[in-house]
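Structure file input.cif (mmCIF, C-alpha atoms and all ligand atoms) is printed below.
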```
data_input
loop_
_atom_site.label_atom_id
_atom_site.label_comp_id
_atom_site.auth_asym_id
_atom_site.auth_seq_id
_atom_site.Cartn_x
_atom_site.Cartn_y
_atom_site.Cartn_z
CA MET A 808 19.33 13.11 12.61
CA LYS A 809 20.03 10.31 10.14
CA ALA A 810 17.81 10.08 7.07
CA MET A 811 17.83 8.32 3.72
CA VAL A 812 17.17 11.21 1.32
CA LEU A 813 15.94 11.31 -2.28
CA ASN A 814 17.88 14.13 -3.96
CA ARG A 815 16.94 13.51 -7.59
CA LEU A 816 14.59 11.31 -9.59
CA CYS A 817 16.21 8.44 -11.45
CA ASN A 818 15.69 5.19 -13.31
CA LEU A 819 16.35 2.25 -10.98
CA LYS A 820 17.66 0.12 -13.83
CA GLU A 821 20.66 2.45 -14.03
CA GLU A 822 20.90 3.98 -10.56
CA ARG A 823 21.47 1.42 -7.81
CA GLN A 824 21.77 3.98 -4.97
CA PRO A 825 18.71 6.23 -5.38
CA LEU A 826 18.75 7.39 -1.74
CA ALA A 827 21.68 8.93 0.16
CA LEU A 828 22.36 8.62 3.90
CA GLN A 829 22.49 12.19 5.20
CA ASP A 830 22.50 14.14 8.43
CA VAL A 831 19.51 16.53 8.40
CA PRO A 832 17.99 18.82 11.08
CA GLU A 833 15.54 17.23 13.50
CA PRO A 834 11.96 18.45 12.92
CA ARG A 835 10.20 20.55 15.56
CA PRO A 836 6.43 20.39 16.19
CA GLU A 837 4.14 23.29 15.31
CA ASN A 838 0.56 23.86 16.52
CA ASP A 839 -1.24 20.51 16.61
CA GLU A 840 1.73 18.45 15.42
CA ILE A 841 3.56 15.66 17.18
CA VAL A 842 7.16 14.57 16.70
CA VAL A 843 7.57 10.82 16.38
CA LYS A 844 10.83 8.95 16.97
CA VAL A 845 10.62 6.39 14.16
CA ASN A 846 11.23 2.74 15.09
CA ALA A 847 10.06 1.05 11.89
CA CYS A 848 9.06 2.18 8.41
CA GLY A 849 7.61 -0.09 5.75
CA VAL A 850 8.93 -0.06 2.17
CA CYS A 851 6.17 0.35 -0.41
CA HIS A 852 5.94 0.06 -4.20
CA THR A 853 4.80 3.69 -4.23
CA GLU A 854 8.34 4.70 -3.25
CA LEU A 855 9.50 3.25 -6.59
CA ASP A 856 6.86 5.38 -8.35
CA GLU A 857 8.16 8.46 -6.56
CA ILE A 858 11.85 7.75 -7.25
CA GLU A 859 11.20 7.02 -10.93
CA GLY A 860 8.94 10.04 -11.34
CA ARG A 861 5.52 8.45 -11.93
CA THR A 862 4.18 10.28 -8.88
CA PRO A 863 7.00 12.76 -8.32
CA PRO A 864 7.45 14.65 -5.04
CA PRO A 865 6.64 18.36 -5.60
CA ARG A 866 9.95 19.35 -4.00
CA LEU A 867 13.36 17.73 -3.70
CA PRO A 868 15.17 16.68 -1.62
CA VAL A 869 12.55 14.64 0.20
CA ILE A 870 12.49 11.87 2.81
CA LEU A 871 10.28 8.99 1.63
CA GLY A 872 8.31 6.48 3.71
CA HIS A 873 4.65 6.31 4.69
CA GLN A 874 4.20 3.23 6.90
CA VAL A 875 5.69 4.61 10.06
CA VAL A 876 5.63 3.24 13.60
CA GLY A 877 7.28 5.06 16.48
CA ARG A 878 6.83 6.87 19.76
CA VAL A 879 5.71 10.42 20.44
CA VAL A 880 8.68 12.40 21.78
CA ASP A 881 7.47 16.00 21.51
CA ILE A 882 4.16 17.85 20.96
CA GLY A 883 3.19 21.27 19.58
CA SER A 884 1.53 24.03 21.61
CA GLN A 885 -2.00 23.01 20.49
CA SER A 886 -1.44 19.28 20.65
CA ASN A 887 -3.18 17.37 23.44
CA ARG A 888 -4.26 14.04 22.00
CA TYR A 889 -1.15 11.99 22.73
CA THR A 890 1.22 12.06 25.67
CA PRO A 891 4.92 11.53 25.10
CA ASN A 892 5.96 7.90 24.72
CA THR A 893 2.61 6.81 23.18
CA ARG A 894 3.23 4.41 20.30
CA VAL A 895 1.61 5.68 17.11
CA GLY A 896 1.48 4.93 13.41
CA ILE A 897 1.47 7.31 10.44
CA ALA A 898 0.01 6.34 7.06
CA TRP A 899 0.02 7.67 3.46
CA ILE A 900 -2.55 10.39 4.29
CA HIS A 901 -0.52 13.18 5.97
CA SER A 902 -3.34 15.75 5.76
CA ALA A 903 -6.41 16.85 3.79
CA CYS A 904 -8.18 20.22 3.65
CA GLY A 905 -11.02 19.25 6.00
CA ARG A 906 -13.46 21.67 4.33
CA CYS A 907 -14.38 20.32 0.88
CA THR A 908 -17.35 18.10 0.01
CA TYR A 909 -15.08 15.03 -0.20
CA CYS A 910 -13.62 15.68 3.25
CA HIS A 911 -17.11 16.20 4.71
CA ALA A 912 -18.28 12.92 3.17
CA GLY A 913 -15.38 10.91 4.67
CA LEU A 914 -13.76 10.74 1.23
CA GLU A 915 -10.71 12.77 2.26
CA ASN A 916 -8.62 10.41 0.12
CA LEU A 917 -10.11 12.21 -2.91
CA CYS A 918 -9.56 15.77 -1.54
CA ARG A 919 -7.77 18.18 -3.88
CA GLY A 920 -5.69 19.25 -0.91
CA PHE A 921 -4.63 15.67 -0.11
CA ARG A 922 -1.01 15.60 1.04
CA ALA A 923 0.92 12.35 1.16
CA THR A 924 3.45 11.34 3.80
CA GLY A 925 6.91 10.87 2.31
CA ARG A 926 6.01 12.74 -0.90
CA ASP A 927 4.35 16.07 -0.05
CA ALA A 928 5.69 16.04 3.53
CA PRO A 929 8.83 14.40 4.97
CA GLY A 930 8.31 10.71 5.75
CA GLY A 931 9.69 7.91 7.86
CA TYR A 932 13.01 6.91 6.26
CA ALA A 933 14.55 8.92 9.11
CA GLN A 934 14.99 8.96 12.87
CA TYR A 935 12.22 11.53 13.45
CA MET A 936 9.19 12.95 11.63
CA THR A 937 6.19 15.18 12.35
CA VAL A 938 2.49 14.89 11.61
CA SER A 939 -0.73 16.48 12.87
CA GLN A 940 -2.05 14.62 15.92
CA ASN A 941 -5.28 14.08 13.94
CA PHE A 942 -3.43 11.98 11.34
CA ALA A 943 -1.72 9.55 13.72
CA TYR A 944 -3.16 6.27 15.04
CA GLU A 945 -2.54 4.38 18.24
CA ILE A 946 -0.97 1.00 17.48
CA PRO A 947 -2.54 -2.05 19.20
CA ALA A 948 -0.14 -3.78 21.62
CA VAL A 949 -0.45 -7.16 19.86
CA PHE A 950 1.85 -6.01 17.03
CA SER A 951 5.60 -5.41 17.18
CA ASP A 952 6.83 -2.23 15.48
CA ALA A 953 7.92 -4.19 12.41
CA GLN A 954 4.63 -6.08 12.17
CA ALA A 955 2.54 -2.92 12.51
CA ALA A 956 4.35 -0.97 9.76
CA PRO A 957 2.95 -2.78 6.68
CA LEU A 958 -0.56 -2.65 8.13
CA LEU A 959 -0.52 1.13 7.69
CA CYS A 960 -0.38 1.10 3.87
CA ALA A 961 -0.46 -2.38 2.37
CA GLY A 962 -3.07 -3.44 4.94
CA ALA A 963 -5.19 -0.28 5.00
CA ILE A 964 -5.32 0.07 1.22
CA GLY A 965 -6.03 -3.66 0.91
CA TYR A 966 -8.94 -3.10 3.28
CA ARG A 967 -10.20 -0.21 1.16
CA SER A 968 -9.85 -2.30 -2.04
CA LEU A 969 -11.88 -5.09 -0.48
CA ARG A 970 -14.55 -2.58 0.53
CA LEU A 971 -14.69 -1.22 -3.05
CA ILE A 972 -15.05 -4.74 -4.50
CA GLY A 973 -18.21 -5.19 -2.41
CA LEU A 974 -17.44 -8.89 -1.84
CA GLN A 975 -20.12 -11.05 -0.23
CA ASN A 976 -19.55 -14.24 1.70
CA GLY A 977 -19.57 -17.24 -0.62
CA GLN A 978 -18.30 -15.35 -3.66
CA ARG A 979 -15.01 -15.99 -5.44
CA LEU A 980 -12.25 -13.36 -5.24
CA GLY A 981 -9.22 -13.08 -7.50
CA LEU A 982 -5.95 -11.38 -6.57
CA THR A 983 -3.65 -10.53 -9.42
CA GLY A 984 -0.15 -9.78 -8.12
CA PHE A 985 0.82 -11.18 -4.74
CA GLY A 986 2.94 -8.67 -2.82
CA ALA A 987 2.50 -7.11 0.61
CA SER A 988 -1.05 -5.81 0.11
CA ALA A 989 -2.46 -8.92 -1.57
CA HIS A 990 -1.12 -11.31 1.04
CA LEU A 991 -2.81 -9.23 3.75
CA VAL A 992 -6.08 -9.22 1.75
CA LEU A 993 -5.96 -13.00 1.53
CA LYS A 994 -5.62 -13.25 5.32
CA MET A 995 -8.42 -10.70 5.79
CA VAL A 996 -10.81 -12.56 3.46
CA LYS A 997 -10.30 -15.83 5.30
CA HIS A 998 -11.46 -14.12 8.48
CA ARG A 999 -14.24 -11.84 7.26
CA PHE A 1000 -15.65 -14.02 4.49
CA PRO A 1001 -14.95 -17.61 5.53
CA ASP A 1002 -16.94 -19.12 2.63
CA CYS A 1003 -15.14 -17.12 -0.06
CA GLU A 1004 -12.53 -18.80 -2.19
CA THR A 1005 -9.44 -16.86 -3.23
CA TYR A 1006 -7.69 -17.33 -6.58
CA VAL A 1007 -4.22 -15.84 -7.08
CA PHE A 1008 -2.49 -14.84 -10.32
CA ALA A 1009 1.25 -14.24 -9.95
CA ARG A 1010 4.16 -14.36 -12.36
CA SER A 1011 6.67 -16.00 -10.04
CA ALA A 1012 6.38 -19.61 -8.89
CA ARG A 1013 7.59 -18.53 -5.45
CA GLU A 1014 4.70 -16.10 -5.05
CA ARG A 1015 2.22 -18.75 -6.22
CA GLU A 1016 3.59 -21.21 -3.68
CA PHE A 1017 3.35 -18.56 -0.94
CA ALA A 1018 -0.28 -17.90 -1.94
CA ARG A 1019 -1.18 -21.59 -1.65
CA GLU A 1020 0.56 -21.78 1.74
CA LEU A 1021 -1.63 -18.91 2.93
CA GLY A 1022 -4.83 -20.61 1.75
CA ALA A 1023 -5.49 -19.69 -1.90
CA VAL A 1024 -7.58 -22.48 -3.49
CA TRP A 1025 -5.85 -21.95 -6.84
CA ALA A 1026 -2.73 -20.11 -7.99
CA GLY A 1027 -1.70 -19.61 -11.60
CA ASP A 1028 0.33 -17.37 -13.87
CA THR A 1029 -1.07 -14.11 -15.29
CA GLY A 1030 -3.24 -15.18 -18.22
CA ASP A 1031 -3.95 -18.71 -16.91
CA GLN A 1032 -7.65 -19.54 -16.76
CA PRO A 1033 -8.95 -20.40 -13.28
CA PRO A 1034 -11.44 -23.29 -13.06
CA GLN A 1035 -14.32 -20.88 -12.31
CA LYS A 1036 -15.22 -17.27 -13.11
CA LEU A 1037 -14.59 -14.71 -10.35
CA HIS A 1038 -16.98 -12.17 -8.80
CA GLY A 1039 -14.27 -9.64 -8.05
CA ILE A 1040 -10.57 -9.16 -8.72
CA ILE A 1041 -8.07 -6.88 -6.97
CA ASP A 1042 -5.11 -5.96 -9.17
CA THR A 1043 -1.98 -4.85 -7.30
CA THR A 1044 0.46 -5.04 -10.21
CA PRO A 1045 2.19 -2.13 -11.97
CA ALA A 1046 1.25 -3.63 -15.38
CA TRP A 1047 -1.67 -3.69 -17.86
CA LYS A 1048 -1.72 -7.32 -18.94
CA PRO A 1049 -3.15 -8.46 -15.57
CA VAL A 1050 -6.06 -6.00 -16.00
CA VAL A 1051 -6.95 -7.24 -19.48
CA GLU A 1052 -6.56 -10.89 -18.50
CA GLY A 1053 -8.47 -10.32 -15.26
CA LEU A 1054 -11.52 -8.80 -17.00
CA LYS A 1055 -11.79 -11.97 -19.07
CA THR A 1056 -12.19 -14.12 -15.94
CA LEU A 1057 -14.94 -12.00 -14.29
CA THR A 1058 -18.51 -13.21 -13.88
CA PRO A 1059 -21.29 -11.03 -15.41
CA GLY A 1060 -21.61 -7.94 -13.19
CA GLY A 1061 -18.14 -8.60 -11.74
CA ARG A 1062 -15.80 -5.79 -10.72
CA LEU A 1063 -12.06 -5.35 -11.05
CA VAL A 1064 -10.42 -2.90 -8.65
CA ILE A 1065 -6.99 -1.53 -9.54
CA ASN A 1066 -4.99 -0.92 -6.39
CA ALA A 1067 -1.99 0.92 -7.81
CA ILE A 1068 -1.14 4.59 -7.61
CA ARG A 1069 0.41 4.51 -11.07
CA LYS A 1070 0.77 1.95 -13.85
CA GLU A 1071 4.02 1.52 -15.75
CA GLU A 1072 4.14 2.00 -19.51
CA TYR A 1073 6.09 -1.04 -20.72
CA ASP A 1074 3.13 -3.29 -21.61
CA LYS A 1075 0.52 -0.65 -22.38
CA GLU A 1076 -0.08 -2.12 -25.85
CA ASP A 1077 -1.78 -5.04 -24.10
CA LEU A 1078 -4.76 -2.70 -23.72
CA LEU A 1079 -5.31 -3.01 -27.48
CA LYS A 1080 -6.24 -6.65 -26.87
CA LEU A 1081 -9.33 -5.44 -25.05
CA ASP A 1082 -12.25 -7.11 -26.76
CA TYR A 1083 -15.55 -5.54 -25.72
CA PRO A 1084 -17.76 -8.67 -25.66
CA GLN A 1085 -15.13 -10.77 -23.93
CA HIS A 1086 -13.72 -8.27 -21.44
CA LEU A 1087 -16.34 -5.62 -20.67
CA TRP A 1088 -19.84 -6.52 -21.82
CA MET A 1089 -22.29 -8.03 -19.31
CA GLU A 1090 -21.94 -5.07 -16.96
CA LYS A 1091 -18.38 -5.73 -15.89
CA GLU A 1092 -16.76 -2.80 -14.08
CA ILE A 1093 -13.28 -1.37 -13.53
CA LYS A 1094 -12.61 0.93 -10.58
CA SER A 1095 -9.40 2.32 -9.13
CA VAL A 1096 -8.61 2.77 -5.46
CA ALA A 1097 -6.99 6.08 -4.56
CA ASN A 1098 -5.03 6.74 -1.37
CA VAL A 1099 -6.55 5.94 2.01
CA ALA A 1100 -8.91 7.80 4.33
CA ARG A 1101 -8.31 7.83 8.09
CA ARG A 1102 -11.34 5.60 8.53
CA ASP A 1103 -9.63 2.84 6.48
CA VAL A 1104 -6.57 2.91 8.72
CA THR A 1105 -8.52 3.01 11.99
CA GLU A 1106 -10.99 0.27 11.05
CA PHE A 1107 -8.30 -1.92 9.60
CA LEU A 1108 -6.01 -1.67 12.66
CA GLU A 1109 -8.96 -2.66 14.88
CA LEU A 1110 -9.81 -5.61 12.65
CA ALA A 1111 -6.18 -6.77 12.39
CA ALA A 1112 -5.77 -6.64 16.19
CA ARG A 1113 -9.03 -8.52 16.77
CA ILE A 1114 -8.23 -11.44 14.50
CA PRO A 1115 -5.24 -10.97 15.15
CA PHE A 1116 -3.36 -11.38 11.96
CA ILE A 1117 0.31 -10.84 11.82
CA PRO A 1118 1.92 -9.85 8.52
CA GLU A 1119 5.00 -11.66 7.24
CA VAL A 1120 7.88 -9.17 7.34
CA GLU A 1121 11.46 -8.99 6.20
CA GLN A 1122 13.64 -6.52 8.12
CA PHE A 1123 16.38 -4.18 6.86
CA SER A 1124 18.42 -1.42 8.51
CA LEU A 1125 17.74 2.20 7.51
CA GLU A 1126 21.12 2.28 5.75
CA ASP A 1127 19.99 -0.69 3.60
CA ALA A 1128 16.90 1.11 2.24
CA ASN A 1129 18.38 1.04 -1.27
CA ILE A 1130 18.76 -2.74 -1.12
CA ALA A 1131 15.14 -3.16 0.02
CA LEU A 1132 13.89 -0.87 -2.76
CA LEU A 1133 15.84 -2.68 -5.47
CA GLU A 1134 14.61 -6.07 -4.26
CA LEU A 1135 11.07 -4.73 -4.45
CA LYS A 1136 11.73 -3.45 -7.97
CA GLU A 1137 13.14 -6.84 -8.96
CA ARG A 1138 10.20 -8.61 -7.29
CA LYS A 1139 12.25 -10.47 -4.69
CA ILE A 1140 9.25 -10.46 -2.41
CA ARG A 1141 8.08 -12.57 0.46
CA GLY A 1142 5.77 -10.59 2.70
CA ALA A 1143 6.48 -6.94 3.46
CA LYS A 1144 9.85 -5.19 3.71
CA VAL A 1145 10.41 -2.98 6.76
CA LEU A 1146 13.29 -0.68 7.73
CA MET A 1147 14.25 -0.83 11.42
CA ILE A 1148 15.56 2.52 12.66
CA ASP A 1149 17.44 3.31 15.87
ZN ZN B 1201 2.23 2.50 0.31
ZN ZN B 1202 -10.78 18.32 1.37
#
```
Could you render the structure as structure tokens?
Amino acid sequence: MKAMVLNRLCNLKEERQPLALQDVPEPRPENDEIVVKVNACGVCHTELDEIEGRTPPPRLPVILGHQVVGRVVDIGSQSNRYTPNTRVGIAWIHSACGRCTYCHAGLENLCRGFRATGRDAPGGYAQYMTVSQNFAYEIPAVFSDAQAAPLLCAGAIGYRSLRLIGLQNGQRLGLTGFGASAHLVLKMVKHRFPDCETYVFARSAREREFARELGAVWAGDTGDQPPQKLHGIIDTTPAWKPVVEGLKTLTPGGRLVINAIRKEEYDKEDLLKLDYPQHLWMEKEIKSVANVARRDVTEFLELAARIPFIPEVEQFSLEDANIALLELKERKIRGAKVLMID
């Protein structure tokens, strides 16, 4: 089968072709696994973190991609949940141990045995992939393959971030960074919390304009002061400045949730600007969001289908995965990038 393969880690400023188009053996299902013929796979910022070594795959070569939509084409001997041709999605959580206290508490995203799709197991930048039947989700008919793909990571983790913020209707929410996940959060807030106002901080004028189009009441640059203090902020940037600036704009008791698997190092000295009375005192909190649990994906897909809200997507061919990744790196973003695979 065709796959875009990561053979070695690299710096994307120097290497413009991080992935190579290769012919690799088709996977076969074992035990409770299913084989999925991939139709669409979303492109996520986490792939940049893998390629550049901030969250390196334990083994190379590896096939990236963890927002996968396709059809079941084969099942293992102990697999009975899906019949062939069912359309399913696969998310970042490929498996967890199922036995630890985190797994028993529904916090499988924190399990020590957590394995990620497209990092610890082969992902969806390929024609076929396998996953346990217990870690696949039926995709509601209202979404096309391309539209469903970004819901599986950007959407599901946005949903988890919003849950961790603990937002209540009528409060003010800030979003710092306005990529795939944040734009889905904005749409979600408008539906679930109709009296909440959303404030967006983004470096590029194009992103700010996009945020206003989607209903943000205010959009400014990182570091601009919004007209009112915010009860919660979700940070989806790879940088530190938005965290420090964000803390300053929180109300007393406000919470900032960092939705990023890794932060980059280039502006880490901004953390030295942290001034306790201004940024942290008055019971302000910082919390990170780690991975997703199956519950996040399932609940979010149901919610998204009910509204329904359709993500903005930009489509690429599998062979153009490198172009999509570099555009993401260079922040040429409008909605979510998706590879279409045939
Ligand atoms: Zn992702
Ligand atoms: Zn576990």
With only C-alpha atoms and all ligand atoms counted, collect every polymer residue having an atom within 8 Å of ligand ZN 1202 (chain B); state the result as JSON, numbers by chain. {"A": [903, 904, 905, 906, 907, 908, 909, 910, 911, 915, 917, 918, 919, 920, 921]}
So that I can check the surroundings of Ala956 in chain A, please list as a VMD selection string every protein, DNA and RNA residue that reaches within 10 Å of it, counting all atoms listed in the file and ignoring chain neighbours fewer than 4 positions away. chain A and resid 846 to 850 873 to 877 896 to 898 946 950 to 952 960 to 962 1118 1120 1143 to 1146
For Ile841 in chain A: contacts at 9 Å, all atoms listed in the file, fewer than 2 positions along chain excluded, given as a list in words: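 My list of contacting residues is Arg835, Pro836, Glu837, Asn838, Asp839, Val843, Val879, Val880, Asp881, Ile882, Gly883, Ser886, Tyr889, Met936, Thr937, Val938, Ser939, Gln940 and Ala943 of chain A.
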With a distance cut-off of 7 Å and only C-alpha atoms, select the neighbouring residues of range 1001-1015 of chain A, excluding the residue or stretch itself and same-chain residues fewer than 3 positions from it, and output the selection as a PyMOL selection string. chain A and resi 976-985+996-998+1018-1019+1023-1029
Across A:Pro1045, A:Arg888, A:Leu1021, A:Leu914, the smallest distance to Arg861 in chain A, with all atoms listed in the file counted, is shown by A:Pro1045
Pick from A:Leu1110, A:Leu828, A:Leu813, A:Ile1068 nearest to ligand ZN 1201 (chain B), counting only C-alpha atoms and all ligand atoms: A:Ile1068
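One finds CA of Arg922 in chain A at 18.3 Å from CA of Arg967 in chain A.
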Pick out the residues sitting within 6 Å of Lys1036 in chain A, and hand them over as a VMD selection string; count only C-alpha atoms, and ignore anything fewer than 2 positions along from it in its own chain. chain A and resid 1056 to 1058
Resulting file, chosen residues, C-alpha atoms, as a short mmCIF file (atom, residue, chain, number, x, y, z; two decimals), in the coordinates of the input:
```
data_model
loop_
_atom_site.label_atom_id
_atom_site.label_comp_id
_atom_site.auth_asym_id
_atom_site.auth_seq_id
_atom_site.Cartn_x
_atom_site.Cartn_y
_atom_site.Cartn_z
CA THR A 1056 -12.19 -14.12 -15.94
CA LEU A 1057 -14.94 -12.00 -14.29
CA THR A 1058 -18.51 -13.21 -13.88
#
```
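Interatomic distance, CA of Val831 in chain A to CA of Lys809 in chain A: 6.5 Å.
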For CA of Ala1128 in chain A and CA of Glu1020 in chain A, determine how far apart the two atoms are, in Å to one decimal place.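 About the pair CA of Ala1128 in chain A and CA of Glu1020 in chain A: they are 28.1 Å apart.
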Selection: 9 Å around Phe1107 in chain A, all atoms listed in the file, excl. self and same-chain fewer than 2 positions, as a PDB file with C-alpha atoms, keeping the file's coordinate frame:
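Output contents, as saved in part03.pdb:
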```pdb
ATOM      1  CA  LEU A 958      -0.560  -2.650   8.130  1.00  0.00           C
ATOM      2  CA  LEU A 959      -0.520   1.130   7.690  1.00  0.00           C
ATOM      3  CA  GLY A 962      -3.070  -3.440   4.940  1.00  0.00           C
ATOM      4  CA  ALA A 963      -5.190  -0.280   5.000  1.00  0.00           C
ATOM      5  CA  TYR A 966      -8.940  -3.100   3.280  1.00  0.00           C
ATOM      6  CA  ARG A 967     -10.200  -0.210   1.160  1.00  0.00           C
ATOM      7  CA  ARG A1102     -11.340   5.600   8.530  1.00  0.00           C
ATOM      8  CA  ASP A1103      -9.630   2.840   6.480  1.00  0.00           C
ATOM      9  CA  VAL A1104      -6.570   2.910   8.720  1.00  0.00           C
ATOM     10  CA  THR A1105      -8.520   3.010  11.990  1.00  0.00           C
ATOM     11  CA  GLU A1109      -8.960  -2.660  14.880  1.00  0.00           C
ATOM     12  CA  LEU A1110      -9.810  -5.610  12.650  1.00  0.00           C
ATOM     13  CA  ALA A1111      -6.180  -6.770  12.390  1.00  0.00           C
ATOM     14  CA  ALA A1112      -5.770  -6.640  16.190  1.00  0.00           C
TER      15      ALA A1112
END
```
Could you work out an axis-aligned bounding box for all listed atoms of range 862-879 of chain A, with 6 Å added on each of the six sides, and give its centre and edge lengths in Å to one decimal, as JSON?
```
{"center_x": 9.7, "center_y": 11.3, "center_z": 5.8, "size_x": 23.0, "size_y": 28.1, "size_z": 41.3}
```
In terms of all atoms listed in the file, the residue from A:Ala987, A:Leu971, A:Leu1078, A:Ile1041 at minimal distance from ligand ZN 1201 (chain B) is A:Ala987
Of the residues A:Glu821, A:Glu833, A:Ser988, A:His901, which is the one nearest to ligand ZN 1201 (chain B), using only C-alpha atoms and all ligand atoms? A:Ser988
Here is a test: counting all atoms listed in the file, which residue of A:Ala955, A:Met808, A:Ile1114, A:Cys851 is nearest to ligand ZN 1201 (chain B)?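 For ligand ZN 1201 (chain B), the nearest of the given residues is A:Cys851.
Closest approach to ligand ZN 1201 (chain B) from the set A:Thr890, A:Ser968, A:Thr924, A:Gln954 is made by A:Thr924, with distances taken over only C-alpha atoms and all ligand atoms.
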